[in-house]
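Source file: query16.cif. Holds: mmCIF, C-alpha atoms.
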data_entry
loop_
_atom_site.label_atom_id
_atom_site.label_comp_id
_atom_site.auth_asym_id
_atom_site.auth_seq_id
_atom_site.Cartn_x
_atom_site.Cartn_y
_atom_site.Cartn_z
CA VAL A 15 0.00 0.00 0.00
CA ASN A 16 2.94 2.40 -0.40
CA ALA A 17 3.41 4.12 -3.73
CA CYS A 18 5.22 7.31 -4.74
CA VAL A 19 7.47 8.90 -7.32
CA ASP A 20 11.16 8.22 -6.68
CA VAL A 21 13.47 11.09 -7.51
CA VAL A 22 16.89 9.48 -7.96
CA LEU A 23 20.08 11.50 -8.10
CA SER A 24 23.59 11.74 -6.71
CA GLY A 25 23.46 12.63 -3.02
CA VAL A 26 26.57 14.77 -3.30
CA LYS A 27 25.07 16.72 -6.25
CA LEU A 28 21.84 17.43 -4.36
CA LEU A 29 23.65 18.50 -1.17
CA GLU A 30 25.82 20.83 -3.28
CA ALA A 31 22.72 22.23 -5.04
CA LEU A 32 21.19 22.89 -1.60
CA GLY A 33 24.37 24.67 -0.50
CA LEU A 34 25.09 22.09 2.23
CA GLU A 35 28.79 21.72 3.06
CA PRO A 36 30.38 18.33 3.90
CA SER A 37 29.95 17.49 7.57
CA GLU A 38 30.82 14.92 10.22
CA GLY A 39 28.45 11.95 10.14
CA LYS A 40 25.72 11.60 12.74
CA ASN A 41 22.75 9.24 12.78
CA HIS A 42 19.28 10.82 13.15
CA ALA A 43 16.16 8.68 13.60
CA VAL A 44 14.05 11.53 12.12
CA LEU A 45 15.33 14.39 9.95
CA THR A 46 14.14 17.89 10.94
CA SER A 47 16.42 20.12 8.83
CA GLY A 48 19.07 20.35 6.11
CA GLN A 49 21.68 20.07 8.87
CA ASP A 50 20.22 16.69 9.97
CA LEU A 51 20.11 15.58 6.33
CA ARG A 52 23.78 16.25 5.66
CA GLU A 53 24.89 14.60 8.93
CA ALA A 54 22.76 11.48 8.36
CA PHE A 55 23.85 11.22 4.72
CA ALA A 56 27.53 11.44 5.77
CA HIS A 57 26.95 8.83 8.51
CA PHE A 58 25.58 6.20 6.12
CA MET A 59 27.78 7.08 3.15
CA GLU A 60 30.83 6.50 5.36
CA ARG A 61 29.52 2.99 6.11
CA GLY A 62 28.27 2.23 2.60
CA ALA A 63 24.94 1.32 4.21
CA ALA A 64 21.38 1.83 2.95
CA ALA A 65 18.97 3.79 5.14
CA GLU A 66 15.54 5.38 4.98
CA ARG A 67 14.37 8.33 7.10
CA PHE A 68 11.30 10.52 7.61
CA PHE A 69 11.74 14.28 7.10
CA SER A 70 9.39 15.99 9.56
CA ASP A 71 9.27 19.58 8.22
CA ALA A 72 6.74 19.59 5.34
CA GLU A 73 7.69 22.96 3.89
CA ALA A 74 11.45 22.38 4.03
CA PHE A 75 10.93 18.97 2.42
CA ARG A 76 8.84 20.48 -0.40
CA ASP A 77 11.67 22.92 -1.20
CA ILE A 78 14.28 20.12 -1.17
CA ALA A 79 12.01 17.90 -3.33
CA ARG A 80 11.56 20.73 -5.85
CA THR A 81 15.34 21.30 -6.08
CA ALA A 82 15.86 17.54 -6.48
CA SER A 83 13.17 16.87 -9.11
CA GLU A 84 14.24 19.87 -11.22
CA HIS A 85 17.95 18.99 -11.06
CA PRO A 86 19.22 18.19 -14.59
CA ALA A 87 20.77 14.91 -13.35
CA ALA A 88 17.57 13.71 -11.59
CA GLN A 89 15.61 10.70 -12.85
CA LEU A 90 11.96 10.07 -11.95
CA TYR A 91 10.72 6.51 -11.43
CA VAL A 92 7.90 4.50 -9.93
CA GLY A 93 8.62 4.28 -6.19
CA GLY A 94 7.36 2.71 -2.98
CA ASN A 95 7.86 -1.01 -2.28
CA ALA A 96 4.27 -1.89 -3.20
CA ALA A 97 4.31 -0.02 -6.51
CA LEU A 98 7.78 -1.39 -7.36
CA ILE A 99 6.79 -4.99 -6.63
CA GLY A 100 3.55 -4.45 -8.59
CA GLN A 101 5.48 -2.95 -11.51
CA LYS A 102 7.96 -5.84 -11.52
CA LEU A 103 5.17 -8.46 -11.47
CA ALA A 104 3.20 -6.57 -14.15
CA ALA A 105 6.18 -6.91 -16.51
CA ASN A 106 4.95 -10.52 -16.89
CA PRO A 107 2.29 -10.23 -19.65
CA ASP A 108 0.15 -12.99 -18.10
CA LEU A 109 -0.28 -11.18 -14.79
CA LYS A 110 -2.73 -8.49 -13.70
CA VAL A 111 -1.78 -6.44 -10.65
CA LEU A 112 -4.03 -4.43 -8.35
CA LEU A 113 -2.16 -1.54 -6.70
CA CYS A 114 -3.65 0.51 -3.90
CA GLY A 115 -1.48 3.36 -2.76
CA PRO A 116 -1.63 7.14 -3.03
CA VAL A 117 -1.30 7.46 -6.81
CA GLY A 118 -0.79 10.99 -8.16
CA PRO A 119 -0.75 12.07 -11.83
CA LYS A 120 3.00 11.54 -12.43
CA LEU A 121 3.00 8.08 -10.83
CA HIS A 122 -0.10 7.02 -12.80
CA GLU A 123 1.68 7.97 -16.01
CA LEU A 124 4.75 5.87 -15.03
CA LEU A 125 2.83 2.67 -14.12
CA ASP A 126 2.64 -0.37 -16.41
CA ASP A 127 -0.65 -0.93 -18.28
CA ASN A 128 -1.12 -4.21 -16.40
CA VAL A 129 -1.33 -2.33 -13.07
CA PHE A 130 -4.90 -1.44 -12.06
CA VAL A 131 -5.47 1.43 -9.64
CA PRO A 132 -8.93 1.76 -8.05
CA PRO A 133 -10.38 5.30 -8.37
CA GLU A 134 -10.33 5.68 -4.54
CA SER A 135 -6.53 5.38 -4.70
CA MET A 136 -6.03 8.37 -7.00
CA GLN A 137 -4.96 11.71 -5.51
CA GLU A 138 -4.19 15.19 -6.89
CA ARG A 139 -0.57 15.43 -5.75
CA ASP A 140 2.21 12.88 -6.00
CA GLU A 141 4.18 11.75 -2.96
CA PHE A 142 7.89 12.25 -3.69
CA HIS A 143 10.68 10.16 -2.16
CA LEU A 144 14.24 11.40 -2.60
CA ILE A 145 16.88 8.79 -3.24
CA LEU A 146 20.43 10.01 -2.84
CA GLU A 147 22.84 7.60 -4.47
CA TYR A 148 26.61 7.36 -4.04
CA GLN A 149 29.19 5.18 -5.76
CA ALA A 150 31.91 3.00 -4.24
CA GLY A 151 34.96 5.17 -3.59
CA GLU A 152 33.03 8.43 -4.05
CA GLN A 153 34.15 11.24 -1.78
CA TRP A 154 32.31 14.08 -0.04
CA GLY A 155 34.62 16.15 2.12
CA ARG A 156 36.46 13.66 4.33
CA VAL A 157 33.86 10.92 3.86
CA ARG A 158 34.63 8.12 1.41
CA ALA A 159 32.03 5.49 0.51
CA PRO A 160 33.32 1.90 0.85
CA ALA A 161 30.45 0.61 -1.33
CA ALA A 162 27.73 1.96 -3.62
CA ASN A 163 24.41 2.48 -1.88
CA ARG A 164 21.69 5.07 -1.29
CA PHE A 165 20.06 7.20 1.39
CA ILE A 166 16.28 7.65 1.11
CA PHE A 167 14.08 10.25 2.79
CA SER A 168 10.56 11.63 2.43
CA HIS A 169 7.79 13.58 4.12
CA ASP A 170 5.05 11.19 3.22
CA LEU A 171 1.92 11.34 5.36
CA SER A 172 -0.44 9.40 3.11
CA ASN A 173 1.80 6.32 2.91
CA GLY A 174 2.79 6.88 6.54
CA ALA A 175 -0.80 6.45 7.69
CA LEU A 176 -1.35 3.43 5.36
CA ASN A 177 -4.31 5.44 4.04
CA MET A 178 -5.09 2.98 1.26
CA LEU A 179 -5.05 -0.28 3.23
CA GLU A 180 -8.83 -0.55 3.69
CA VAL A 181 -9.41 0.38 0.03
CA PHE A 182 -6.99 -2.40 -0.89
CA VAL A 183 -8.62 -5.11 1.25
CA SER A 184 -12.15 -4.14 0.13
CA SER A 185 -11.01 -4.32 -3.55
CA LEU A 186 -9.82 -7.92 -3.17
CA ASP A 187 -13.33 -9.45 -3.38
CA GLU A 188 -13.74 -8.24 -6.92
CA PHE A 189 -10.09 -8.71 -7.98
CA GLN A 190 -9.79 -12.29 -6.66
CA PRO A 191 -5.98 -12.39 -6.31
CA ASP A 192 -3.74 -15.49 -6.23
CA LEU A 193 -1.24 -13.62 -4.02
CA VAL A 194 -1.31 -10.55 -1.77
CA VAL A 195 1.86 -8.52 -1.22
CA LEU A 196 1.90 -6.03 1.66
CA SER A 197 4.48 -3.35 2.28
CA GLY A 198 4.75 0.11 3.74
CA LEU A 199 4.57 -0.64 7.48
CA HIS A 200 7.96 1.09 7.92
CA MET A 201 6.38 4.32 6.63
CA MET A 202 4.33 4.51 9.85
CA GLU A 203 7.43 5.47 11.85
CA GLY A 204 6.75 9.13 11.08
CA GLN A 205 3.51 8.95 13.12
CA SER A 206 3.16 9.56 16.85
CA LYS A 207 3.37 6.42 19.01
CA GLU A 208 -0.38 6.48 19.82
CA MET A 209 -1.42 7.03 16.21
CA ARG A 210 0.95 4.31 15.05
CA GLN A 211 -0.34 1.78 17.58
CA ARG A 212 -3.98 2.54 16.69
CA ARG A 213 -3.27 2.33 12.95
CA LEU A 214 -1.36 -0.92 13.38
CA MET A 215 -4.34 -2.47 15.18
CA GLU A 216 -6.63 -1.32 12.33
CA ALA A 217 -4.16 -2.71 9.79
CA VAL A 218 -4.12 -6.06 11.60
CA ALA A 219 -7.94 -6.14 11.59
CA SER A 220 -7.94 -5.41 7.84
CA ILE A 221 -5.27 -8.02 7.04
CA SER A 222 -7.24 -10.57 9.10
CA ASP A 223 -10.15 -10.08 6.65
CA ILE A 224 -8.08 -11.42 3.73
CA PRO A 225 -9.27 -14.99 2.98
CA THR A 226 -6.85 -17.52 4.48
CA ASP A 227 -6.43 -19.42 1.20
CA ILE A 228 -4.63 -16.40 -0.36
CA PRO A 229 -0.91 -16.38 0.51
CA ILE A 230 0.32 -13.05 1.92
CA HIS A 231 3.89 -11.77 1.53
CA LEU A 232 5.15 -8.90 3.70
CA GLU A 233 8.07 -6.83 2.40
CA LEU A 234 9.99 -5.13 5.22
CA ALA A 235 12.13 -2.00 4.89
CA SER A 236 14.51 0.09 6.97
CA MET A 237 13.19 0.92 10.47
CA THR A 238 14.56 2.60 13.60
CA ASP A 239 11.97 2.02 16.37
CA GLN A 240 12.62 -1.28 18.15
CA ASP A 241 9.30 -1.30 20.04
CA PHE A 242 7.37 -0.89 16.80
CA MET A 243 9.36 -3.70 15.15
CA SER A 244 8.74 -5.88 18.18
CA ASN A 245 4.98 -5.23 17.96
CA ILE A 246 4.90 -6.12 14.26
CA MET A 247 6.76 -9.31 14.99
CA HIS A 248 5.43 -10.60 18.27
CA GLN A 249 1.76 -10.02 18.49
CA GLN A 250 0.50 -8.58 15.32
CA VAL A 251 1.61 -8.87 11.75
CA PHE A 252 4.07 -11.78 11.46
CA PRO A 253 1.53 -14.45 12.48
CA LEU A 254 -0.90 -13.24 9.76
CA VAL A 255 1.47 -13.47 6.80
CA ASN A 256 2.92 -16.52 5.03
CA SER A 257 6.10 -14.96 3.75
CA ILE A 258 8.55 -12.14 4.51
CA GLY A 259 11.19 -10.38 2.40
CA LEU A 260 14.06 -8.45 4.02
CA ASN A 261 17.71 -7.42 3.77
CA GLU A 262 20.66 -7.59 6.16
CA GLN A 263 19.90 -4.27 7.92
CA GLU A 264 16.31 -5.31 8.61
CA LEU A 265 17.32 -8.82 9.74
CA LEU A 266 19.83 -7.48 12.28
CA PHE A 267 17.36 -4.85 13.51
CA LEU A 268 14.74 -7.56 13.94
CA THR A 269 16.95 -9.76 16.15
CA GLN A 270 18.08 -6.70 18.16
CA ALA A 271 14.45 -5.61 18.70
CA ALA A 272 13.45 -9.04 20.03
CA SER A 273 16.72 -10.09 21.72
CA GLY A 274 17.21 -12.96 19.29
CA PRO A 275 20.46 -14.74 18.39
CA HIS A 276 23.49 -12.49 17.70
CA ALA A 277 21.49 -9.47 18.98
CA ALA A 278 24.71 -8.07 20.52
CA LEU A 279 26.14 -7.55 17.01
CA ALA A 280 25.99 -3.77 16.52
CA SER A 281 26.40 -3.84 12.73
CA TRP A 282 27.68 -6.05 9.92
CA SER A 283 31.28 -5.68 8.89
CA GLY A 284 31.64 -6.41 5.19
CA VAL A 285 29.60 -9.27 3.73
CA PRO A 286 27.15 -10.55 6.41
CA ASP A 287 28.32 -13.88 7.87
CA VAL A 288 26.19 -16.70 6.40
CA GLY A 289 26.13 -18.66 9.67
CA VAL A 290 24.90 -15.63 11.64
CA VAL A 291 22.20 -14.84 9.04
CA SER A 292 21.14 -18.49 8.98
CA ASP A 293 20.85 -18.59 12.83
CA ILE A 294 18.59 -15.52 12.86
CA LEU A 295 16.38 -16.82 10.01
CA PHE A 296 16.06 -20.15 11.81
CA TRP A 297 15.10 -18.40 15.05
CA VAL A 298 12.43 -16.23 13.35
CA LEU A 299 10.74 -19.28 11.80
CA LYS A 300 11.15 -21.40 14.97
CA GLU A 301 9.91 -18.70 17.38
CA HIS A 302 7.38 -16.84 15.21
CA GLY A 303 6.62 -19.23 12.35
CA LYS A 304 3.97 -21.89 11.89
CA ALA A 305 3.98 -24.59 14.56
CA ALA A 306 1.48 -27.00 16.08
CA ALA A 307 1.35 -24.99 19.30
CA ARG A 308 1.24 -21.54 17.69
CA ALA A 309 -1.35 -19.64 15.66
CA SER A 310 0.98 -18.38 12.93
CA ASP A 311 0.99 -18.74 9.15
CA LEU A 312 4.61 -17.67 8.62
CA THR A 313 6.53 -20.35 6.67
CA ARG A 314 8.89 -18.48 4.32
CA ILE A 315 11.62 -15.83 4.56
CA HIS A 316 13.45 -14.48 1.51
CA PHE A 317 16.67 -12.83 2.70
CA HIS A 318 18.76 -10.74 0.32
CA THR A 319 22.07 -8.96 0.72
CA LEU A 320 24.40 -7.67 -1.98
CA ALA A 321 26.61 -10.79 -2.14
CA TYR A 322 24.08 -13.63 -1.68
CA HIS A 323 20.46 -14.60 -1.03
CA ILE A 324 18.90 -17.21 1.26
CA LEU A 325 15.38 -18.60 1.06
CA ALA A 326 14.36 -20.26 4.34
CA THR A 327 11.12 -22.27 4.38
CA VAL A 328 9.25 -24.45 6.85
CA ASP A 329 9.02 -27.93 5.31
CA GLY A 330 5.78 -28.94 3.65
CA HIS A 331 4.54 -25.48 2.63
CA TRP A 332 6.60 -24.36 -0.37
CA GLY A 333 8.15 -25.84 -3.49
CA ASN A 334 10.50 -24.75 -6.26
CA GLN A 335 12.77 -22.92 -3.79
CA ALA A 336 15.99 -23.43 -5.81
CA ALA A 337 14.47 -21.75 -8.87
CA ALA A 338 12.93 -18.98 -6.73
CA VAL A 339 16.16 -18.02 -4.97
CA ALA A 340 18.13 -18.24 -8.26
CA ALA A 341 15.55 -16.06 -10.06
CA GLY A 342 15.88 -13.42 -7.34
CA ALA A 343 19.67 -13.44 -7.67
CA ARG A 344 19.43 -13.17 -11.45
CA ALA A 345 17.03 -10.21 -11.11
CA ALA A 346 19.55 -8.46 -8.83
CA GLY A 347 22.35 -8.80 -11.38
CA THR A 348 20.31 -7.75 -14.42
CA GLN A 349 18.43 -4.86 -12.81
CA ALA A 350 21.48 -3.28 -11.16
CA CYS A 351 23.37 -3.38 -14.47
CA ALA A 352 20.24 -2.50 -16.51
CA THR A 353 20.79 -5.46 -18.86
CA ASP A 354 18.23 -8.04 -20.04
CA THR A 355 20.46 -10.98 -19.18
CA ILE A 356 23.55 -11.33 -17.00
CA ASP A 357 26.54 -9.82 -18.79
CA THR A 358 29.56 -11.63 -17.29
CA SER A 359 31.91 -8.75 -18.11
CA LYS A 360 29.86 -6.42 -15.90
CA VAL A 361 29.52 -8.57 -12.78
CA PHE A 362 31.73 -10.13 -10.10
CA LEU A 363 31.39 -12.60 -7.24
CA LYS A 364 31.46 -11.18 -3.72
CA ALA A 365 29.96 -14.16 -1.85
CA PRO A 366 32.17 -16.25 0.45
CA LEU A 367 33.37 -19.35 -1.40
CA GLU A 368 33.29 -21.30 1.89
CA PHE A 369 31.11 -20.74 4.94
CA VAL A 370 29.61 -22.43 7.99
CA THR A 371 25.83 -22.77 8.24
CA SER A 372 25.49 -21.87 11.92
CA HIS A 373 27.29 -20.46 14.96
CA THR A 374 24.79 -21.69 17.55
CA GLU A 375 24.75 -25.42 16.74
CA ALA A 376 27.22 -27.89 15.29
CA PRO A 377 27.60 -26.36 11.85
CA SER A 378 28.28 -27.96 8.54
CA LYS A 379 30.92 -26.34 6.35
CA ILE A 380 29.98 -25.63 2.76
CA ALA A 381 32.19 -24.90 -0.23
CA LEU A 382 30.52 -23.35 -3.28
CA ASN A 383 30.48 -25.32 -6.50
CA PRO A 384 30.02 -23.10 -9.60
CA ASP A 385 28.24 -25.96 -11.41
CA GLU A 386 25.56 -26.04 -8.72
CA PRO A 387 25.14 -22.46 -7.59
CA VAL A 388 22.18 -23.14 -5.27
CA VAL A 389 23.26 -24.83 -2.02
CA ARG A 390 20.73 -26.46 0.27
CA TRP A 391 20.89 -27.41 3.94
CA HIS A 392 18.35 -28.45 6.51
CA ARG A 393 17.80 -27.79 10.20
CA GLU A 394 14.94 -29.09 12.38
CA GLY A 395 12.15 -28.94 9.80
CA ILE A 396 13.45 -25.83 8.04
CA SER A 397 15.13 -25.83 4.61
CA PHE A 398 17.69 -23.24 3.55
CA HIS A 399 18.46 -22.48 -0.10
CA PHE A 400 21.52 -20.28 -0.63
CA THR A 401 22.84 -18.73 -3.84
CA PRO A 402 25.62 -16.23 -4.52
CA VAL A 403 24.72 -13.10 -6.49
CA LEU A 404 26.58 -11.93 -9.56
CA VAL A 405 27.08 -8.37 -8.34
CA CYS A 406 27.05 -5.52 -10.83
CA LYS A 407 30.46 -3.75 -10.94
CA ASP A 408 29.03 -0.33 -11.89
CA PRO A 409 25.38 -0.33 -10.82
CA VAL A 410 23.15 1.84 -12.98
CA ARG A 411 20.32 1.72 -10.47
CA THR A 412 20.20 0.27 -6.95
CA VAL A 413 16.72 1.53 -6.02
CA GLY A 414 14.00 -1.05 -5.78
CA LEU A 415 16.52 -3.88 -6.07
CA GLY A 416 15.16 -5.66 -2.98
CA ASP A 417 11.61 -5.30 -4.33
CA ALA A 418 12.60 -6.76 -7.70
CA ILE A 419 14.36 -9.65 -5.93
CA SER A 420 11.34 -10.43 -3.74
CA ALA A 421 8.88 -10.11 -6.63
CA GLU A 422 10.91 -12.43 -8.85
CA GLY A 423 11.36 -14.93 -6.02
CA LEU A 424 7.59 -14.94 -5.39
CA LEU A 425 6.88 -15.43 -9.09
CA TYR A 426 8.87 -18.70 -9.06
CA SER A 427 7.73 -19.89 -5.65
CA GLU A 428 5.18 -22.64 -5.44
CA VAL A 429 2.85 -22.51 -2.45
CA TYR A 430 1.22 -25.75 -1.36
CA PRO A 431 -2.47 -25.41 -0.46
CA GLN A 432 -2.88 -26.26 3.22
#
Could you spell out this file's structure in structure tokens?
Amino acid sequence: VNACVDVVLSGVKLLEALGLEPSEGKNHAVLTSGQDLREAFAHFMERGAAAERFFSDAEAFRDIARTASEHPAAQLYVGGNAALIGQKLAANPDLKVLLCGPVGPKLHELLDDNVFVPPESMQERDEFHLILEYQAGEQWGRVRAPAANRFIFSHDLSNGALNMLEVFVSSLDEFQPDLVVLSGLHMMEGQSKEMRQRRLMEAVASISDIPTDIPIHLELASMTDQDFMSNIMHQQVFPLVNSIGLNEQELLFLTQAASGPHAALASWSGVPDVGVVSDILFWVLKEHGKAAARASDLTRIHFHTLAYHILATVDGHWGNQAAAVAAGARAAGTQACATDTIDTSKVFLKAPLEFVTSHTEAPSKIALNPDEPVVRWHREGISFHFTPVLVCKDPVRTVGLGDAISAEGLLYSEVYPQ
């Protein structure tokens, strides 16, 4: 239910256009000014990490958005996880996609013809999200980026309040979907605690109305409030969905918020350790997934990081996992390089060639075999499918990569009727 127009441009170019000098990095949970913006951008650029923040001053944001969208180097795209996943799925000519999000005139023009937007979802003004990209090795003042990534911010009240969720659920009767994809919960962080809690309860009531025979996938995104994450996980949203998509930042935040395995790890250094990732995925499905003694439908997690992907599934609920995880990895390589197929001259391997599958139990050691790029292992009723990613050397576009990966993985996944 989140949809917007993404304005993509070089972060350094925008900050220069705004007259903001290089600064020392400092993390801000919410941005209130240009000063906060430059400090937060420097903080994440220095780490080569992706982040997403809410900008609280509406007028200041409008001015920044105008400067960004009119910048000669800016590119305008479909944005918002829901719209991006919808757009990716709609590229398949046999699929029809229903998208409910705040759709303004510019976004409507950018959407694929196979994407249907109910009239109640249309609004007069577009919601803009600013995506500040930086390249590996790029410098801004004393800050040097170790890897290419992006910093995203917006002042987006419509998506933040999940305004279109009820419209979406009420449209499902007529649309009769084979799959429901939810995203945008992270946008609620800009709301007050009370408003957020109330809206989350309403969202849970709405999601509960979706017929149980329709699989539901939840796409997570960058968050900063541990209590909110804990609510989503423990009592409210996780038990209602069948599948989750997330990256390494979200996975670490999730285990920190709920005191799970490796919660003491403050941040990843370099490529996330496969054994650590695998332990956390296992814990999420064991503690919050489907079990005889627990009312939960969660049976699938699609984890993606730059160097590799893992699809973890509870046995007996999903099929075709090897193809699904491979398709997601292929989508990452082609979309980042903007090529139709993988061009071997434009990609490289960053995944560990050997790794252990766990740090909390007797692990098995795995060495990658190029002839069989999908590796499988099993742990107490949960299957793991791992594949390295052919990483684009000079990414043309990193935005929406996680959404493309999740969409492609879902397209190839086979859900068993329960």
Return as AutoDock Vina command-line options the box centre and box size in Å, one decimal, for an axis-aligned box around all listed atoms of region 409-422 of chain A padded by 6 Å per side.
--center_x 17.1 --center_y -5.3 --center_z -8.0 --size_x 28.5 --size_y 26.3 --size_z 22.0
Exercise. Kindly indicate which residue among A:Arg52, A:Lys27, A:Arg61, A:His231 lies nearest to Leu425 (chain A), using all atoms listed in the file for the distances.
Key: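 Under the stated criterion, the closest residue is A:His231.
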Practice problem: Scan for residues within 10 Å of the point (12.0, -4.2, 8.1) in the coordinates of the file, using only C-alpha atoms, and reply as a ChimeraX atom specification. | Solution: /A:197-200,232-238,243,246,258-268
Practice problem: Can you turn the PyMOL selection byres ((chain A and resi 98-112) around 7) into a concrete residue list for this file, as number ranges by chain? | Solution: A: 92-97, 113-114, 125-126, 128-131, 414, 417-418, 421
Quiz item: Hey, can you check how far CA of Asp329 (chain A) sits from CA of Ser310 (chain A)?
Solution: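 Those two atoms sit 14.6 Å apart.
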Will you give me region 351-368 of chain A, written with N, CA, C and O atoms and laid out as an mmCIF file, in the first residue's frame?
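Below is the file that was written, part.cif:
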data_model
loop_
_atom_site.group_PDB
_atom_site.id
_atom_site.type_symbol
_atom_site.label_atom_id
_atom_site.label_comp_id
_atom_site.auth_asym_id
_atom_site.auth_seq_id
_atom_site.Cartn_x
_atom_site.Cartn_y
_atom_site.Cartn_z
ATOM 1 N N CYS A 351 22.577 -3.729 -13.289
ATOM 2 C CA CYS A 351 23.371 -3.376 -14.474
ATOM 3 C C CYS A 351 22.511 -2.859 -15.626
ATOM 4 O O CYS A 351 23.040 -2.452 -16.664
ATOM 5 N N ALA A 352 21.188 -2.918 -15.449
ATOM 6 C CA ALA A 352 20.244 -2.504 -16.507
ATOM 7 C C ALA A 352 20.479 -3.269 -17.811
ATOM 8 O O ALA A 352 20.537 -2.701 -18.904
ATOM 9 N N THR A 353 20.652 -4.597 -17.680
ATOM 10 C CA THR A 353 20.788 -5.457 -18.864
ATOM 11 C C THR A 353 19.659 -6.491 -18.826
ATOM 12 O O THR A 353 19.106 -6.768 -17.765
ATOM 13 N N ASP A 354 19.321 -7.055 -19.993
ATOM 14 C CA ASP A 354 18.226 -8.038 -20.041
ATOM 15 C C ASP A 354 18.654 -9.391 -19.490
ATOM 16 O O ASP A 354 17.860 -10.133 -18.936
ATOM 17 N N THR A 355 19.922 -9.725 -19.714
ATOM 18 C CA THR A 355 20.461 -10.978 -19.175
ATOM 19 C C THR A 355 21.763 -10.627 -18.463
ATOM 20 O O THR A 355 22.274 -9.518 -18.611
ATOM 21 N N ILE A 356 22.292 -11.582 -17.708
ATOM 22 C CA ILE A 356 23.551 -11.329 -16.997
ATOM 23 C C ILE A 356 24.686 -11.183 -18.005
ATOM 24 O O ILE A 356 24.901 -12.070 -18.837
ATOM 25 N N ASP A 357 25.370 -10.050 -17.937
ATOM 26 C CA ASP A 357 26.539 -9.821 -18.795
ATOM 27 C C ASP A 357 27.765 -10.084 -17.918
ATOM 28 O O ASP A 357 28.070 -9.310 -17.013
ATOM 29 N N THR A 358 28.473 -11.201 -18.195
ATOM 30 C CA THR A 358 29.559 -11.626 -17.294
ATOM 31 C C THR A 358 30.697 -10.614 -17.187
ATOM 32 O O THR A 358 31.416 -10.592 -16.196
ATOM 33 N N SER A 359 30.830 -9.739 -18.192
ATOM 34 C CA SER A 359 31.913 -8.749 -18.113
ATOM 35 C C SER A 359 31.570 -7.621 -17.136
ATOM 36 O O SER A 359 32.429 -6.843 -16.744
ATOM 37 N N LYS A 360 30.287 -7.543 -16.747
ATOM 38 C CA LYS A 360 29.857 -6.421 -15.899
ATOM 39 C C LYS A 360 29.602 -6.817 -14.444
ATOM 40 O O LYS A 360 29.159 -6.006 -13.647
ATOM 41 N N VAL A 361 29.836 -8.104 -14.131
ATOM 42 C CA VAL A 361 29.521 -8.566 -12.775
ATOM 43 C C VAL A 361 30.717 -9.265 -12.127
ATOM 44 O O VAL A 361 31.662 -9.655 -12.811
ATOM 45 N N PHE A 362 30.680 -9.388 -10.805
ATOM 46 C CA PHE A 362 31.729 -10.127 -10.097
ATOM 47 C C PHE A 362 31.107 -10.860 -8.906
ATOM 48 O O PHE A 362 29.963 -10.589 -8.513
ATOM 49 N N LEU A 363 31.867 -11.788 -8.354
ATOM 50 C CA LEU A 363 31.389 -12.599 -7.244
ATOM 51 C C LEU A 363 31.935 -12.028 -5.938
ATOM 52 O O LEU A 363 33.137 -11.834 -5.801
ATOM 53 N N LYS A 364 31.042 -11.759 -4.997
ATOM 54 C CA LYS A 364 31.456 -11.180 -3.721
ATOM 55 C C LYS A 364 31.139 -12.147 -2.574
ATOM 56 O O LYS A 364 31.522 -11.950 -1.430
ATOM 57 N N ALA A 365 30.391 -13.202 -2.888
ATOM 58 C CA ALA A 365 29.957 -14.157 -1.854
ATOM 59 C C ALA A 365 31.157 -14.946 -1.332
ATOM 60 O O ALA A 365 32.123 -15.181 -2.061
ATOM 61 N N PRO A 366 31.107 -15.380 -0.060
ATOM 62 C CA PRO A 366 32.175 -16.247 0.454
ATOM 63 C C PRO A 366 32.148 -17.583 -0.287
ATOM 64 O O PRO A 366 31.079 -18.128 -0.546
ATOM 65 N N LEU A 367 33.311 -18.089 -0.646
ATOM 66 C CA LEU A 367 33.365 -19.353 -1.396
ATOM 67 C C LEU A 367 33.242 -20.546 -0.453
ATOM 68 O O LEU A 367 32.941 -21.657 -0.872
ATOM 69 N N GLU A 368 33.494 -20.281 0.846
ATOM 70 C CA GLU A 368 33.291 -21.296 1.890
ATOM 71 C C GLU A 368 32.636 -20.618 3.079
ATOM 72 O O GLU A 368 32.937 -19.466 3.371
#
